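Chemist: Quick one: this structure, given as structure tokens, is what I'll be asking you about.
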Amino acid sequence: MARAFTFPGQGSQTVGMGMALAEAFPAAREVFEEVDDALSQKLSTMMFEGPMEDLTLTENTQPALMANSVAVMRVLSAEGGVDIGVHAKLIAGHSLGEYSALAAAGALDLADAARLLKLRGKAMQSAVPAGEGAMAALLGLDLEAAQEAAAAAAGDDVCDVANDNAPGQVVVSGAKAAVERAIEAAKERGARRAIMLPVSAPFHCALLKPAADAMEAAFETTNMGAPVVPLVSNVTASAVADPEEIKSLLVRQVTATVRWREGVLAMRDAGVEQLVEVGCGKILSGMVKRIDRDMTSANVETPEDIEAFLKTL
């Protein structure tokens, strides 16, 4: 069976994440210790014990989710000989999940990935003053109708499509007043529901240009190799393996639409039959069912998940 390994983004975090892995497997403990050392922070304690309000700070959430996903991959390798280069055709990640994918596939050093995501989280949070930005989910609209709603609502403000997650599940992002107008514009265009999201910043819109600039500067001094299998980029919804191109796309990704629906279809068209979600939650697995019912999915997060997944290889 042709597989793609996929890595979740912000919103999948939960207190206790990774704890059972660390208790059961030395390979997982080593990952968490390396990330703690890279950040000079006991991030693993925050992951295992909370508090949730600290874990949900963007600068903590992003490296934490990456650490958890890489820990799962390291355990799969140590316990079952799983090798992305052998067992996967492609990799992909949702927003920050691209960094997890690249670390898991050998393109980014784990410590570098942790430091980059810490910086990314801080830069995203500080790019827009608290309370001035917002995001909203437009449910029941296709991409074109959501784009029309965002454009109609923008006026002199920013209102961009941030995520095209699945059919009928599009997220807009931008100035708070414009996003509020987009909710009304979406309802006028037949949205089933349109709701504000509890986020700390307006991700994946033009307002985050300062964060994109910060990442561009950081990548100038970051070594990146080619991943062992190509990455399906959020920005282009197509496969890429060249390290310099990947860096450029990661910079663009900060302000660009996450084209997840199209990326999944591109993986399907490349022959992928199963998406394996590596790390916290089942958000990506749930999206698969809405994008293409013929594709299967598997979530690998806990020791029990790992045992079950290894039996399928």
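Labels for the structure tokens follow display order: chains A, B, ..., residues from 1 in each chain, ligands from 1.
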As JSON, numbers by chain, please: all residues of region 3-149 of chain A that backbone DSSP puts in strand (DSSP E).
Modeler: {"A": [3, 4, 5, 6, 7, 90, 91, 92, 93, 133, 134, 135, 136, 137, 138, 139]}
Chemist: List the neighbours of Leu90 (chain A) out to 8 Å using only C-alpha atoms; skip same-chain residues closer than 3 positions along the sequence, and give me the result as a list in words.
Modeler: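 Here the qualifying residues turn out to be Arg3, Ala4, Phe5, Val229, Pro230, Leu231, Val232, Ala239 and Met267 of chain A.
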Chemist: For a quick check of understanding, using only C-alpha atoms, which of A:Gly93, A:Ser200, A:Arg192, A:Val86 has the smallest distance to Glu59 (chain A)?
Modeler: A:Ser200
Chemist: List the spatial neighbours of Arg115 (chain A) as a short mmCIF file (atom, residue, chain, number, x, y, z; two decimals) with N, CA and C atoms, in the first residue's frame - criterion: any atom at most 10 Å away, only C-alpha atoms, same-chain residues fewer than 6 positions off excluded.
Modeler:
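Once written, around-v7.cif looks like this:
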data_model
loop_
_atom_site.label_atom_id
_atom_site.label_comp_id
_atom_site.auth_asym_id
_atom_site.auth_seq_id
_atom_site.Cartn_x
_atom_site.Cartn_y
_atom_site.Cartn_z
N VAL A 35 14.86 18.43 22.49
CA VAL A 35 14.10 19.66 22.25
C VAL A 35 14.20 20.58 23.47
N ALA A 38 17.55 22.21 23.29
CA ALA A 38 17.65 23.18 22.20
C ALA A 38 16.99 24.50 22.55
N LEU A 39 15.90 24.43 23.33
CA LEU A 39 15.14 25.63 23.66
C LEU A 39 15.51 26.20 25.03
N GLU A 59 4.13 30.12 20.74
CA GLU A 59 5.57 29.83 20.76
C GLU A 59 5.88 28.49 21.43
N PRO A 63 6.62 24.15 18.68
CA PRO A 63 7.67 23.15 18.90
C PRO A 63 7.17 21.90 19.63
N GLY A 121 6.60 30.90 16.17
CA GLY A 121 5.48 31.16 17.07
C GLY A 121 5.53 32.56 17.66
N ALA A 218 15.95 33.83 9.40
CA ALA A 218 16.40 32.65 10.14
C ALA A 218 16.89 31.56 9.20
#
Chemist: Would you return as a PyMOL selection string the members of region 100-304 of chain A that DSSP assigns to alpha helix (DSSP H) on this structure's backbone?
Modeler: chain A and resi 100-104+110-127+143-154+176-188+209-219+243-253+260-269+283-291+303-304
Chemist: Write out as a list in words which residues come within 10 Å of Thr14 (chain A) when counting only C-alpha atoms, dropping same-chain ones fewer than 5 positions away.
Modeler: Met47, Phe48, Glu49, Gly50, Pro51, Met52, Leu55, Thr56, Thr61, Ala64, Leu65, Cys280 and Gly281 of chain A
Chemist: Write a file of the just-selected residues containing N, CA and C atoms, as a PDB file, in the first residue's frame.
Modeler:
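For reference, again_37.pdb as written:
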ATOM      1  N   MET A  47       4.280  19.950  28.200  1.00  0.00           N
ATOM      2  CA  MET A  47       3.486  19.032  27.393  1.00  0.00           C
ATOM      3  C   MET A  47       2.794  17.993  28.257  1.00  0.00           C
ATOM      4  N   PHE A  48       3.530  17.432  29.217  1.00  0.00           N
ATOM      5  CA  PHE A  48       3.006  16.331  30.024  1.00  0.00           C
ATOM      6  C   PHE A  48       2.014  16.809  31.093  1.00  0.00           C
ATOM      7  N   GLU A  49       2.296  18.016  31.681  1.00  0.00           N
ATOM      8  CA  GLU A  49       1.567  18.420  32.880  1.00  0.00           C
ATOM      9  C   GLU A  49       0.773  19.721  32.717  1.00  0.00           C
ATOM     10  N   GLY A  50       1.002  20.458  31.634  1.00  0.00           N
ATOM     11  CA  GLY A  50       0.345  21.743  31.463  1.00  0.00           C
ATOM     12  C   GLY A  50       1.088  22.840  32.218  1.00  0.00           C
ATOM     13  N   PRO A  51       0.416  23.962  32.521  1.00  0.00           N
ATOM     14  CA  PRO A  51      -1.009  24.212  32.304  1.00  0.00           C
ATOM     15  C   PRO A  51      -1.348  24.462  30.829  1.00  0.00           C
ATOM     16  N   MET A  52      -2.610  24.239  30.482  1.00  0.00           N
ATOM     17  CA  MET A  52      -3.044  24.351  29.104  1.00  0.00           C
ATOM     18  C   MET A  52      -2.837  25.760  28.554  1.00  0.00           C
ATOM     19  N   LEU A  55       0.641  25.904  27.352  1.00  0.00           N
ATOM     20  CA  LEU A  55       0.857  25.039  26.193  1.00  0.00           C
ATOM     21  C   LEU A  55       0.247  25.625  24.931  1.00  0.00           C
ATOM     22  N   THR A  56      -0.846  26.358  25.081  1.00  0.00           N
ATOM     23  CA  THR A  56      -1.520  26.913  23.902  1.00  0.00           C
ATOM     24  C   THR A  56      -0.915  28.235  23.435  1.00  0.00           C
ATOM     25  N   THR A  61       3.233  25.877  21.569  1.00  0.00           N
ATOM     26  CA  THR A  61       2.450  24.881  20.832  1.00  0.00           C
ATOM     27  C   THR A  61       3.218  24.332  19.643  1.00  0.00           C
ATOM     28  N   ALA A  64       6.143  22.044  20.464  1.00  0.00           N
ATOM     29  CA  ALA A  64       5.622  20.885  21.195  1.00  0.00           C
ATOM     30  C   ALA A  64       4.999  19.869  20.246  1.00  0.00           C
ATOM     31  N   LEU A  65       4.187  20.346  19.305  1.00  0.00           N
ATOM     32  CA  LEU A  65       3.567  19.431  18.351  1.00  0.00           C
ATOM     33  C   LEU A  65       4.618  18.765  17.472  1.00  0.00           C
ATOM     34  N   CYS A 280      -0.302  14.194  17.433  1.00  0.00           N
ATOM     35  CA  CYS A 280      -1.509  14.480  18.212  1.00  0.00           C
ATOM     36  C   CYS A 280      -2.777  14.548  17.376  1.00  0.00           C
ATOM     37  N   GLY A 281      -3.822  13.923  17.884  1.00  0.00           N
ATOM     38  CA  GLY A 281      -5.156  14.113  17.351  1.00  0.00           C
ATOM     39  C   GLY A 281      -5.442  13.390  16.048  1.00  0.00           C
TER      40      GLY A 281
END
